[in-house]
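Notes to accompany the following structure.
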Amino acid sequence: MPSIKGYKYTTESSAKSAQKQCNDYYGIPVSPDDVTQNWIEYNFANLNEPSFWYIVYNESLNVVLGEPIEFDVVPPPTPPLE
C-alpha cells in the first residue's frame, strides 16, 4: 500500500475548504475564464476503509495548510495483461 505525504480530510467539504484556502492565498483563478481554476486538486480514497479525501503534499502548501502527515492509500486494482 503506497504511503502518501499530504493532508487528509474526513469530508469532501473539508477538502474543498482547504482547496479554496489555497486558491484564495495564491489568487487562483485570476479570471473566470482562466485555464488554471485551482492551485491544488483533492482526491478521494474510496478503496480505503473508512474512505477519505486527501491532498498530495507540495512545498507551496505549507504556508496555507501547515505541516503534512503520512498516510496509506489503497491503490485501484491493476487490470490483467492481455
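By convention here, the chains of the C-alpha cells are called A, B, ... in the order presented, each chain's residues are numbered starting at 1, and ligands are numbered starting at 1 in the order presented.
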- Item | Residues flagged alpha helix (DSSP H) by DSSP in chain A, as a VMD selection string | chain A and resid 12 to 26 62 to 65
Keeping N, CA and C atoms for every residue in the selection just given, could you write it to a file as a PDB file, in the first residue's frame?
```pdb
ATOM      1  N   GLU A  12     -15.754  15.682   2.126  1.00  0.00           N
ATOM      2  CA  GLU A  12     -15.407  16.394   0.904  1.00  0.00           C
ATOM      3  C   GLU A  12     -15.464  17.903   1.119  1.00  0.00           C
ATOM      4  N   SER A  13     -16.384  18.364   1.939  1.00  0.00           N
ATOM      5  CA  SER A  13     -16.476  19.810   2.186  1.00  0.00           C
ATOM      6  C   SER A  13     -15.213  20.339   2.860  1.00  0.00           C
ATOM      7  N   SER A  14     -14.580  19.540   3.696  1.00  0.00           N
ATOM      8  CA  SER A  14     -13.309  19.940   4.322  1.00  0.00           C
ATOM      9  C   SER A  14     -12.199  20.034   3.281  1.00  0.00           C
ATOM     10  N   ALA A  15     -12.161  19.082   2.362  1.00  0.00           N
ATOM     11  CA  ALA A  15     -11.159  19.102   1.292  1.00  0.00           C
ATOM     12  C   ALA A  15     -11.389  20.305   0.375  1.00  0.00           C
ATOM     13  N   LYS A  16     -12.644  20.601   0.057  1.00  0.00           N
ATOM     14  CA  LYS A  16     -12.979  21.764  -0.775  1.00  0.00           C
ATOM     15  C   LYS A  16     -12.582  23.061  -0.073  1.00  0.00           C
ATOM     16  N   SER A  17     -12.779  23.105   1.231  1.00  0.00           N
ATOM     17  CA  SER A  17     -12.413  24.286   2.003  1.00  0.00           C
ATOM     18  C   SER A  17     -10.897  24.506   1.963  1.00  0.00           C
ATOM     19  N   ALA A  18     -10.122  23.429   2.094  1.00  0.00           N
ATOM     20  CA  ALA A  18      -8.662  23.530   2.009  1.00  0.00           C
ATOM     21  C   ALA A  18      -8.243  23.989   0.616  1.00  0.00           C
ATOM     22  N   GLN A  19      -8.907  23.464  -0.401  1.00  0.00           N
ATOM     23  CA  GLN A  19      -8.626  23.868  -1.781  1.00  0.00           C
ATOM     24  C   GLN A  19      -8.905  25.370  -1.950  1.00  0.00           C
ATOM     25  N   LYS A  20     -10.027  25.835  -1.413  1.00  0.00           N
ATOM     26  CA  LYS A  20     -10.396  27.251  -1.509  1.00  0.00           C
ATOM     27  C   LYS A  20      -9.391  28.131  -0.773  1.00  0.00           C
ATOM     28  N   GLN A  21      -8.921  27.688   0.384  1.00  0.00           N
ATOM     29  CA  GLN A  21      -7.915  28.455   1.129  1.00  0.00           C
ATOM     30  C   GLN A  21      -6.660  28.653   0.283  1.00  0.00           C
ATOM     31  N   CYS A  22      -6.235  27.590  -0.398  1.00  0.00           N
ATOM     32  CA  CYS A  22      -5.050  27.672  -1.269  1.00  0.00           C
ATOM     33  C   CYS A  22      -5.328  28.579  -2.466  1.00  0.00           C
ATOM     34  N   ASN A  23      -6.494  28.434  -3.076  1.00  0.00           N
ATOM     35  CA  ASN A  23      -6.860  29.300  -4.206  1.00  0.00           C
ATOM     36  C   ASN A  23      -6.852  30.771  -3.794  1.00  0.00           C
ATOM     37  N   ASP A  24      -7.448  31.056  -2.637  1.00  0.00           N
ATOM     38  CA  ASP A  24      -7.503  32.441  -2.154  1.00  0.00           C
ATOM     39  C   ASP A  24      -6.098  32.972  -1.873  1.00  0.00           C
ATOM     40  N   TYR A  25      -5.273  32.163  -1.246  1.00  0.00           N
ATOM     41  CA  TYR A  25      -3.920  32.598  -0.897  1.00  0.00           C
ATOM     42  C   TYR A  25      -3.099  32.911  -2.152  1.00  0.00           C
ATOM     43  N   TYR A  26      -3.216  32.059  -3.173  1.00  0.00           N
ATOM     44  CA  TYR A  26      -2.420  32.226  -4.388  1.00  0.00           C
ATOM     45  C   TYR A  26      -3.140  33.011  -5.492  1.00  0.00           C
ATOM     46  N   ASN A  62       2.574  24.372   2.557  1.00  0.00           N
ATOM     47  CA  ASN A  62       2.928  24.549   3.970  1.00  0.00           C
ATOM     48  C   ASN A  62       2.391  25.848   4.557  1.00  0.00           C
ATOM     49  N   VAL A  63       2.553  26.932   3.831  1.00  0.00           N
ATOM     50  CA  VAL A  63       2.164  28.243   4.325  1.00  0.00           C
ATOM     51  C   VAL A  63       0.650  28.337   4.550  1.00  0.00           C
ATOM     52  N   VAL A  64      -0.128  27.556   3.810  1.00  0.00           N
ATOM     53  CA  VAL A  64      -1.590  27.624   3.922  1.00  0.00           C
ATOM     54  C   VAL A  64      -2.136  26.489   4.793  1.00  0.00           C
ATOM     55  N   LEU A  65      -1.685  25.252   4.540  1.00  0.00           N
ATOM     56  CA  LEU A  65      -2.267  24.089   5.208  1.00  0.00           C
ATOM     57  C   LEU A  65      -1.426  23.537   6.351  1.00  0.00           C
TER      58      LEU A  65
END
```
- Item | Polymer residues at most 12 Å from A:Ala45, only C-alpha atoms, same-chain spacing of 2 or more positions, as a PyMOL selection string | chain A and resi 2+4+8-12+42-43+47-56+71-76
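Take atom CA of A:Tyr57 and atom CA of A:Gly27: the distance between them is 19.1 Å.
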